[in-house]
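model-v2.pdb (PDB, C-alpha atoms and all ligand atoms) appears below.
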ATOM      1  CA  MET S  22     -31.830  72.816  96.413
ATOM      2  CA  SER S  23     -28.983  73.649  98.775
ATOM      3  CA  LEU S  24     -25.290  73.497  98.030
ATOM      4  CA  THR S  25     -23.238  70.964  99.936
ATOM      5  CA  PRO S  26     -20.842  72.123 102.663
ATOM      6  CA  GLN S  27     -18.025  71.120 100.296
ATOM      7  CA  GLN S  28     -19.382  73.349  97.524
ATOM      8  CA  CYS S  29     -19.650  76.249  99.981
ATOM      9  CA  SER S  30     -16.074  75.636 101.143
ATOM     10  CA  PHE S  31     -14.877  75.586  97.527
ATOM     11  CA  PHE S  32     -16.583  78.937  96.948
ATOM     12  CA  GLU S  33     -15.008  80.400 100.073
ATOM     13  CA  ALA S  34     -11.517  79.150  99.278
ATOM     14  CA  PHE S  35     -11.354  79.772  95.531
ATOM     15  CA  GLY S  36     -13.899  82.596  95.183
ATOM     16  CA  TYR S  37     -16.137  81.038  92.560
ATOM     17  CA  ILE S  38     -18.285  78.028  91.757
ATOM     18  CA  LEU S  39     -19.616  76.503  88.550
ATOM     19  CA  LEU S  40     -23.019  74.813  88.747
ATOM     20  CA  PRO S  41     -23.418  72.838  85.511
ATOM     21  CA  GLY S  42     -26.964  72.583  84.197
ATOM     22  CA  LEU S  43     -28.576  74.305  87.172
ATOM     23  CA  MET S  44     -30.944  76.342  84.977
ATOM     24  CA  THR S  45     -31.138  74.127  81.898
ATOM     25  CA  ASP S  46     -34.886  73.550  82.323
ATOM     26  CA  ASP S  47     -35.504  77.312  82.289
ATOM     27  CA  ILE S  48     -32.940  78.528  79.799
ATOM     28  CA  GLY S  49     -35.383  78.726  76.854
ATOM     29  CA  TRP S  50     -37.615  81.370  78.397
ATOM     30  CA  ILE S  51     -34.650  83.138  80.009
ATOM     31  CA  ILE S  52     -33.007  83.630  76.593
ATOM     32  CA  GLU S  53     -36.335  84.883  75.176
ATOM     33  CA  GLU S  54     -36.684  87.421  77.992
ATOM     34  CA  HIS S  55     -33.077  88.617  77.530
ATOM     35  CA  LYS S  56     -33.909  89.400  73.897
ATOM     36  CA  LYS S  57     -37.199  91.070  74.799
ATOM     37  CA  VAL S  58     -35.596  93.391  77.354
ATOM     38  CA  PHE S  59     -33.160  94.731  74.758
ATOM     39  CA  GLU S  60     -36.027  95.131  72.275
ATOM     40  CA  LYS S  61     -38.221  96.884  74.833
ATOM     41  CA  LYS S  62     -35.412  99.310  75.647
ATOM     42  CA  GLY S  63     -34.774  99.892  71.930
ATOM     43  CA  LEU S  64     -31.111  98.992  72.341
ATOM     44  CA  VAL S  65     -29.824  97.456  69.137
ATOM     45  CA  HIS S  66     -26.472  95.740  69.579
ATOM     46  CA  ASP S  67     -24.240  96.339  66.565
ATOM     47  CA  GLY S  68     -21.268  94.343  67.863
ATOM     48  CA  SER S  69     -18.840  97.267  67.846
ATOM     49  CA  ARG S  70     -18.788  97.498  71.655
ATOM     50  CA  ARG S  71     -20.556  96.194  74.739
ATOM     51  CA  SER S  72     -24.282  96.989  74.998
ATOM     52  CA  GLN S  73     -25.473  97.105  78.592
ATOM     53  CA  ILE S  74     -28.777  97.591  80.455
ATOM     54  CA  VAL S  75     -28.975  98.118  84.224
ATOM     55  CA  PRO S  76     -30.775  97.004  86.251
ATOM     56  CA  PHE S  77     -31.545  94.142  83.904
ATOM     57  CA  SER S  78     -33.703  91.334  85.343
ATOM     58  CA  ASP S  79     -35.790  94.108  86.838
ATOM     59  CA  GLN S  80     -37.064  95.092  83.363
ATOM     60  CA  SER S  81     -38.961  91.823  82.829
ATOM     61  CA  GLU S  82     -41.687  90.567  85.137
ATOM     62  CA  ARG S  83     -40.655  86.998  84.343
ATOM     63  CA  LEU S  84     -36.940  87.599  84.958
ATOM     64  CA  CYS S  85     -37.861  89.213  88.285
ATOM     65  CA  THR S  86     -39.159  85.781  89.309
ATOM     66  CA  LEU S  87     -35.609  84.431  89.258
ATOM     67  CA  LEU S  88     -35.528  85.832  92.771
ATOM     68  CA  ASP S  89     -38.385  83.442  93.637
ATOM     69  CA  HIS S  90     -36.882  80.454  91.830
ATOM     70  CA  PRO S  91     -36.151  77.553  94.201
ATOM     71  CA  LYS S  92     -32.837  76.698  92.506
ATOM     72  CA  VAL S  93     -31.585  80.291  92.490
ATOM     73  CA  LEU S  94     -32.676  80.751  96.084
ATOM     74  CA  GLY S  95     -31.110  77.438  97.103
ATOM     75  CA  VAL S  96     -27.724  78.513  95.795
ATOM     76  CA  LEU S  97     -27.813  82.073  97.075
ATOM     77  CA  LYS S  98     -29.100  81.141 100.512
ATOM     78  CA  SER S  99     -26.403  78.482 100.829
ATOM     79  CA  LEU S 100     -23.657  80.956  99.971
ATOM     80  CA  LEU S 101     -24.973  84.172 101.518
ATOM     81  CA  GLY S 102     -27.596  83.286 104.079
ATOM     82  CA  GLU S 103     -31.397  83.081 104.141
ATOM     83  CA  ASP S 104     -31.753  86.869 104.143
ATOM     84  CA  PHE S 105     -29.304  87.802 101.372
ATOM     85  CA  ASN S 106     -29.760  91.125  99.556
ATOM     86  CA  TYR S 107     -30.440  91.525  95.835
ATOM     87  CA  ILE S 108     -28.467  94.585  94.750
ATOM     88  CA  GLY S 109     -29.233  94.902  91.047
ATOM     89  CA  GLY S 110     -27.391  93.554  88.061
ATOM     90  CA  ASP S 111     -26.598  94.263  84.450
ATOM     91  CA  GLY S 112     -27.546  92.590  81.181
ATOM     92  CA  ASN S 113     -25.139  92.610  78.284
ATOM     93  CA  TYR S 114     -24.123  91.790  74.821
ATOM     94  CA  TYR S 115     -20.355  91.631  75.329
ATOM     95  CA  SER S 116     -18.062  92.277  72.407
ATOM     96  CA  GLY S 117     -14.438  91.165  72.345
ATOM     97  CA  ASP S 118     -12.078  90.725  75.274
ATOM     98  CA  THR S 119     -12.630  91.853  78.844
ATOM     99  CA  ASN S 120      -9.335  92.577  80.578
ATOM    100  CA  TRP S 121      -8.516  91.473  84.113
ATOM    101  CA  HIS S 122     -10.345  93.393  86.822
ATOM    102  CA  SER S 123     -12.391  92.845  89.971
ATOM    103  CA  ASP S 124     -15.847  94.272  90.642
ATOM    104  CA  GLY S 125     -14.559  96.367  93.546
ATOM    105  CA  PHE S 126     -12.642  95.031  96.490
ATOM    106  CA  HIS S 127     -14.754  94.711  99.608
ATOM    107  CA  THR S 128     -12.872  94.204 102.847
ATOM    108  CA  VAL S 129     -16.144  94.402 104.748
ATOM    109  CA  GLY S 130     -19.262  92.419 103.947
ATOM    110  CA  PHE S 131     -19.641  89.745 101.306
ATOM    111  CA  TYR S 132     -20.653  90.509  97.721
ATOM    112  CA  ALA S 133     -21.189  88.035  94.896
ATOM    113  CA  LYS S 134     -22.425  87.806  91.326
ATOM    114  CA  PHE S 135     -24.739  85.097  89.945
ATOM    115  CA  HIS S 136     -23.976  84.841  86.222
ATOM    116  CA  LEU S 137     -26.055  83.512  83.368
ATOM    117  CA  TYR S 138     -24.125  83.171  80.122
ATOM    118  CA  LEU S 139     -26.554  82.477  77.311
ATOM    119  CA  ASP S 140     -24.172  81.102  74.649
ATOM    120  CA  PRO S 141     -21.791  78.115  74.745
ATOM    121  CA  LEU S 142     -18.408  79.563  75.757
ATOM    122  CA  THR S 143     -14.984  77.946  75.875
ATOM    123  CA  ARG S 144     -11.527  79.125  76.938
ATOM    124  CA  GLY S 145     -10.860  80.313  73.388
ATOM    125  CA  THR S 146     -14.285  81.834  72.738
ATOM    126  CA  GLY S 147     -14.792  84.164  75.670
ATOM    127  CA  CYS S 148     -15.718  82.074  78.695
ATOM    128  CA  ILE S 149     -15.281  83.781  82.034
ATOM    129  CA  ARG S 150     -11.810  83.295  83.540
ATOM    130  CA  VAL S 151     -10.939  83.824  87.173
ATOM    131  CA  ILE S 152      -7.757  83.793  89.235
ATOM    132  CA  PRO S 153      -8.808  81.415  92.015
ATOM    133  CA  GLY S 154      -8.097  82.791  95.478
ATOM    134  CA  SER S 155      -7.533  86.372  94.277
ATOM    135  CA  HIS S 156     -10.702  87.427  96.145
ATOM    136  CA  LEU S 157      -8.927  86.851  99.462
ATOM    137  CA  GLY S 158      -6.579  89.801  99.266
ATOM    138  CA  GLY S 159      -3.738  89.954 101.755
ATOM    139  CA  PRO S 160      -0.191  89.972 100.347
ATOM    140  CA  TRP S 161      -1.430  87.994  97.326
ATOM    141  CA  ARG S 162      -3.649  90.866  96.280
ATOM    142  CA  HIS S 163      -0.739  93.085  95.269
ATOM    143  CA  HIS S 164       0.558  90.390  92.931
ATOM    144  CA  SER S 165      -2.766  89.287  91.520
ATOM    145  CA  GLU S 166      -3.767  92.902  90.823
ATOM    146  CA  ARG S 167      -0.807  93.119  88.480
ATOM    147  CA  ALA S 168      -2.807  90.974  86.065
ATOM    148  CA  ARG S 169      -4.492  94.278  85.197
ATOM    149  CA  GLN S 170      -1.339  95.255  83.278
ATOM    150  CA  PRO S 171       0.090  91.876  82.331
ATOM    151  CA  ASN S 172       2.426  93.112  79.619
ATOM    152  CA  GLU S 173       4.129  95.677  81.837
ATOM    153  CA  ASP S 174       4.315  93.557  84.993
ATOM    154  CA  PHE S 175       4.706  90.002  83.732
ATOM    155  CA  GLY S 176       5.740  90.393  80.113
ATOM    156  CA  ILE S 177       2.813  88.309  78.875
ATOM    157  CA  GLN S 178      -0.574  88.977  77.348
ATOM    158  CA  GLY S 179      -3.657  88.896  79.551
ATOM    159  CA  CYS S 180      -4.865  85.741  77.845
ATOM    160  CA  HIS S 181      -1.800  83.905  79.186
ATOM    161  CA  ILE S 182      -2.285  84.779  82.848
ATOM    162  CA  PRO S 183      -2.697  81.495  84.804
ATOM    163  CA  CYS S 184      -6.341  81.095  85.677
ATOM    164  CA  ALA S 185      -9.395  78.868  85.802
ATOM    165  CA  ALA S 186     -11.242  79.176  82.481
ATOM    166  CA  ILE S 187     -14.847  78.346  83.339
ATOM    167  CA  GLU S 188     -16.344  76.886  80.183
ATOM    168  CA  THR S 189     -20.129  77.028  80.152
ATOM    169  CA  GLU S 190     -23.175  75.871  78.230
ATOM    170  CA  PRO S 191     -26.423  77.860  78.420
ATOM    171  CA  GLY S 192     -28.135  76.793  81.632
ATOM    172  CA  ASP S 193     -24.893  76.513  83.595
ATOM    173  CA  ILE S 194     -24.438  78.987  86.403
ATOM    174  CA  VAL S 195     -21.270  80.653  87.624
ATOM    175  CA  VAL S 196     -21.219  82.498  90.928
ATOM    176  CA  PHE S 197     -18.196  84.493  91.966
ATOM    177  CA  ASN S 198     -17.073  86.773  94.763
ATOM    178  CA  HIS S 199     -16.997  90.422  93.584
ATOM    179  CA  ASN S 200     -13.386  90.686  94.707
ATOM    180  CA  ILE S 201     -12.105  87.992  92.383
ATOM    181  CA  LEU S 202      -9.995  88.985  89.395
ATOM    182  CA  HIS S 203     -11.776  87.952  86.223
ATOM    183  CA  ALA S 204     -11.521  88.406  82.462
ATOM    184  CA  SER S 205     -12.469  86.801  79.158
ATOM    185  CA  TYR S 206     -10.558  86.404  75.915
ATOM    186  CA  GLY S 207     -11.387  85.379  72.374
ATOM    187  CA  GLY S 208     -15.113  86.019  72.621
ATOM    188  CA  GLY S 209     -17.249  87.020  69.653
ATOM    189  CA  THR S 210     -19.064  90.288  69.203
ATOM    190  CA  ALA S 211     -22.421  89.332  70.753
ATOM    191  CA  ARG S 212     -21.946  87.264  73.910
ATOM    192  CA  ARG S 213     -25.242  87.320  75.768
ATOM    193  CA  HIS S 214     -25.070  87.594  79.536
ATOM    194  CA  PHE S 215     -26.802  88.937  82.580
ATOM    195  CA  CYS S 216     -26.273  88.663  86.291
ATOM    196  CA  LEU S 217     -27.778  89.138  89.706
ATOM    197  CA  ASN S 218     -25.589  91.018  92.169
ATOM    198  CA  VAL S 219     -26.157  89.881  95.713
ATOM    199  CA  SER S 220     -24.689  90.429  99.143
ATOM    200  CA  ARG S 221     -24.904  89.020 102.609
ATOM    201  CA  ARG S 222     -27.350  90.981 104.761
ATOM    202  CA  ALA S 223     -25.349  93.784 106.339
ATOM    203  CA  LYS S 224     -25.435  93.351 110.121
ATOM    204  CA  THR S 225     -22.765  95.559 111.680
ATOM    205  CA  ASP S 226     -22.448  99.346 111.290
ATOM    206  CA  THR S 227     -19.426  98.971 109.019
ATOM    207  CA  GLU S 228     -21.235  96.433 106.860
ATOM    208  CA  ILE S 229     -24.201  98.783 106.562
ATOM    209  CA  GLU S 230     -21.858 101.633 105.626
ATOM    210  CA  GLU S 231     -20.306  99.410 102.952
ATOM    211  CA  LEU S 232     -23.756  98.612 101.535
ATOM    212  CA  HIS S 233     -24.531 102.356 101.397
ATOM    213  CA  LYS S 234     -21.275 102.865  99.520
ATOM    214  CA  TYR S 235     -22.118 100.095  97.077
ATOM    215  CA  ILE S 236     -25.534 101.371  96.133
ATOM    216  CA  ARG S 237     -24.674 105.084  96.256
ATOM    217  CA  ARG S 238     -21.830 106.534  94.226
ATOM    218  CA  PRO S 239     -19.191 108.685  95.964
ATOM    219  CA  ASP S 240     -20.811 111.811  94.500
ATOM    220  CA  GLY S 241     -24.055 110.924  96.293
ATOM    221  CA  LEU S 242     -26.014 109.914  93.214
ATOM    222  CA  PRO S 243     -27.702 106.519  93.025
ATOM    223  CA  ARG S 244     -25.486 103.757  91.639
ATOM    224  CA  TYR S 245     -27.376 103.451  88.371
ATOM    225  CA  HIS S 246     -27.965 107.195  87.838
ATOM    226  CA  PRO S 247     -28.990 108.507  85.351
ATOM    227  CA  ARG S 248     -30.453 105.298  83.968
ATOM    228  CA  SER S 249     -32.307 104.404  87.146
ATOM    229  CA  ALA S 250     -32.947 106.267  90.354
ATOM    230  CA  SER S 251     -32.914 103.177  92.540
ATOM    231  CA  VAL S 252     -31.155  99.861  92.616
ATOM    232  CA  HIS S 253     -34.323  97.880  91.863
ATOM    233  CA  SER S 254     -36.966  98.727  89.311
ATOM    234  CA  GLU S 255     -40.470  99.682  90.353
ATOM    235  CA  LEU S 256     -41.624  96.451  88.629
ATOM    236  CA  MET S 257     -39.305  94.313  90.738
ATOM    237  CA  ARG S 258     -40.699  95.850  93.916
ATOM    238  CA  ARG S 259     -44.347  96.000  92.872
ATOM    239  CA  THR S 260     -44.467  92.329  91.884
ATOM    240  CA  ALA S 261     -42.542  91.093  94.925
ATOM    241  CA  SER S 262     -44.101  88.549  97.263
ATOM    242  CA  PRO S 263     -43.226  88.910 100.969
ATOM    243  CA  ALA S 264     -40.587  86.218 100.413
ATOM    244  CA  ARG S 265     -38.919  88.171  97.573
ATOM    245  CA  MET S 266     -39.289  91.420  99.488
ATOM    246  CA  ARG S 267     -36.977  89.984 102.138
ATOM    247  CA  HIS S 268     -34.160  90.209  99.572
ATOM    248  CA  LEU S 269     -35.046  93.788  98.593
ATOM    249  CA  GLU S 270     -35.850  95.373 101.939
ATOM    250  CA  GLN S 271     -32.397  96.310 103.202
ATOM    251  CA  VAL S 272     -31.589  98.207 100.016
ATOM    252  CA  ILE S 273     -35.005  99.899 100.178
ATOM    253  CA  ASP S 274     -34.247 100.900 103.782
ATOM    254  CA  CYS S 275     -30.938 102.441 102.693
ATOM    255  CA  GLU S 276     -32.608 104.381  99.900
ATOM    256  CA  ASN S 277     -35.361 105.576 102.232
ATOM    257  CA  GLN S 278     -32.753 106.848 104.668
ATOM    258  CA  TRP S 279     -31.268 109.038 101.969
ATOM    259  CA  LEU S 280     -34.677 110.344 101.056
ATOM    260  CA  THR S 281     -35.754 111.131 104.598
ATOM    261  CA  LYS S 282     -32.435 112.285 106.060
ATOM    262  CA  GLY S 283     -30.709 113.579 102.933
ATOM    263  CA  ARG S 284     -27.892 111.145 103.646
ATOM    264  CA  HIS S 285     -24.875 111.713 101.342
ATOM    265  CA  SER S 286     -26.886 114.476  99.730
ATOM    266  CA  ASN S 287     -24.002 116.957  99.414
TER     267      ASN S 287
HETATM  268  O1  LIG G   1     -17.770  87.929  80.519
HETATM  269  C1  LIG G   1     -17.066  88.929  80.430
HETATM  270  O2  LIG G   1     -16.427  89.222  79.401
HETATM  271  C2  LIG G   1     -16.888  89.873  81.579
HETATM  272  C3  LIG G   1     -17.808  89.670  82.714
HETATM  273  C4  LIG G   1     -17.541  90.651  83.788
HETATM  274  O3  LIG G   1     -16.572  91.345  83.828
HETATM  275  C5  LIG G   1     -18.505  90.774  84.857
HETATM  276  O4  LIG G   1     -19.626  90.259  84.755
HETATM  277  O5  LIG G   1     -18.171  91.426  85.860
END
Show me, as structure tokens, the structure contained in the file I just sent.
Ligand SMILES: O=C(O)CCC(=O)C(=O)O
Amino acid sequence: MSLTPQQCSFFEAFGYILLPGLMTDDIGWIIEEHKKVFEKKGLVHDGSRRSQIVPFSDQSERLCTLLDHPKVLGVLKSLLGEDFNYIGGDGNYYSGDTNWHSDGFHTVGFYAKFHLYLDPLTRGTGCIRVIPGSHLGGPWRHHSERARQPNEDFGIQGCHIPCAAIETEPGDIVVFNHNILHASYGGGTARRHFCLNVSRRAKTDTEIEELHKYIRRPDGLPRYHPRSASVHSELMRRTASPARMRHLEQVIDCENQWLTKGRHSN
């Protein structure tokens, strides 16, 4: 299942796309696996704050197969190319509001997040909100970034910042550009969510450098240290078909470079 050129253009221009019902047929087992991963890790969510596991899909053999799923692949290949990279992702029980922020601002390369929200969410009950176009940067970036401190800069609460509130039912998919400003307001204390982070295959030297920066922290430790030494789990890699491996291999190459050359080791 490929996206239409118009859907791809929408994603490019506004920085996000909602795909209603894309995963409805699968949502039952996906919700089960989300629960099982938290149980397996012994992480009991008490609602007082966000509970997070990273990498997430990687903990469940069945969730790993999302990277083999024709609908997931259809979307990601349409937006990022046949050889896109899977670069990990977190699983959460969110609690309360999430203030405006972006997931880093990449001026090189192309990074996106494939979201699965596992509860019905509306504008008033914690659906994901985005400021369309804020992923593009330029002069607009300075202004949109001020949403991070809405009271100081605009004299309004974050929940009143103009935005697209992307209401979802379980089975709907939201994909957004990492750069986009996003938030959620009015959510309960146990909003279930997980995501797949993905990027276009890095081709140029600067794109490869950017990928290194993404998966390695500035202090040289792996992104998910100390919880995980590499971006993907051993399970994700061990159970990968050659087709899935295509989406893992560039990250594996980066990690192997550090191991063999001691890259960023100081
Ligand atoms: O849904 C939310 O409250 C926040 C989601 C978010 O910030 C993210 O996935 O990057």
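Candidate residues S:Asp124, S:Glu53, S:Glu188, S:Asp240 were compared for distance to Gly145 in chain S, and the nearest is S:Glu188, using all atoms listed in the file.
Distances here use only C-alpha atoms; by that measure, the residue among S:Pro191, S:Val93, S:Leu256, S:Ile108 closest to Tyr235 in chain S is S:Ile108.
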Shell around Pro76 in chain S at 6 Å using only C-alpha atoms, local window under 5 positions removed, as a ChimeraX atom specification: /S:109-111
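Of the residues under consideration (S:Val58, S:Leu142, S:Leu87, S:Ile177), S:Leu142 shows the shortest atom-to-atom contact distance to ligand LIG 1 (chain G) when counting all atoms listed in the file.
Using all atoms listed in the file, the shortest contact distance between Val195 in chain S and any of S:Leu97, S:Gln278, S:Asp67, S:Ala250 is found at S:Leu97.
Distance annotation: of S:Val196, S:Ala223, S:Leu100, S:Val65, the residue with the minimal separation from Tyr37 in chain S is S:Val196; atom set is all atoms listed in the file.
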Surroundings of ligand LIG 1 (chain G) up to 10 Å, based on all atoms listed in the file, as a ChimeraX atom specification: /S:71,110-125,134-138,142,147-151,197,199,201-208,212-218
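The interatomic distance for the pair CA of Arg267 in chain S and CA of Gly130 in chain S works out to 18.0 Å.
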Coordinates-based distance that separates CA of Met266 in chain S from CA of Lys92 in chain S (Å, one decimal): 17.5 Å
Output of the PyMOL selection byres (((chain S and resi 22) around 10) and not hetatm), listed as a PyMOL selection string: chain S and resi 23-25+43+91-96+98-99
Residues matched by the PyMOL selection byres (((chain S and resi 157-170) around 9) and not hetatm), written as a VMD selection string: chain S and resid 33 to 36 120 to 123 126 128 152 154 to 156 171 to 175 178 to 179 182 200 to 202
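Note that CA of Ser30 in chain S and CA of Ala185 in chain S are 17.0 Å apart.
The protein and nucleic acid residues lying at most 9 Å from Lys57 in chain S are Ile52, Lys62 and Ser81 of chain S, with all atoms listed in the file considered and sequence neighbours fewer than 5 positions away removed.
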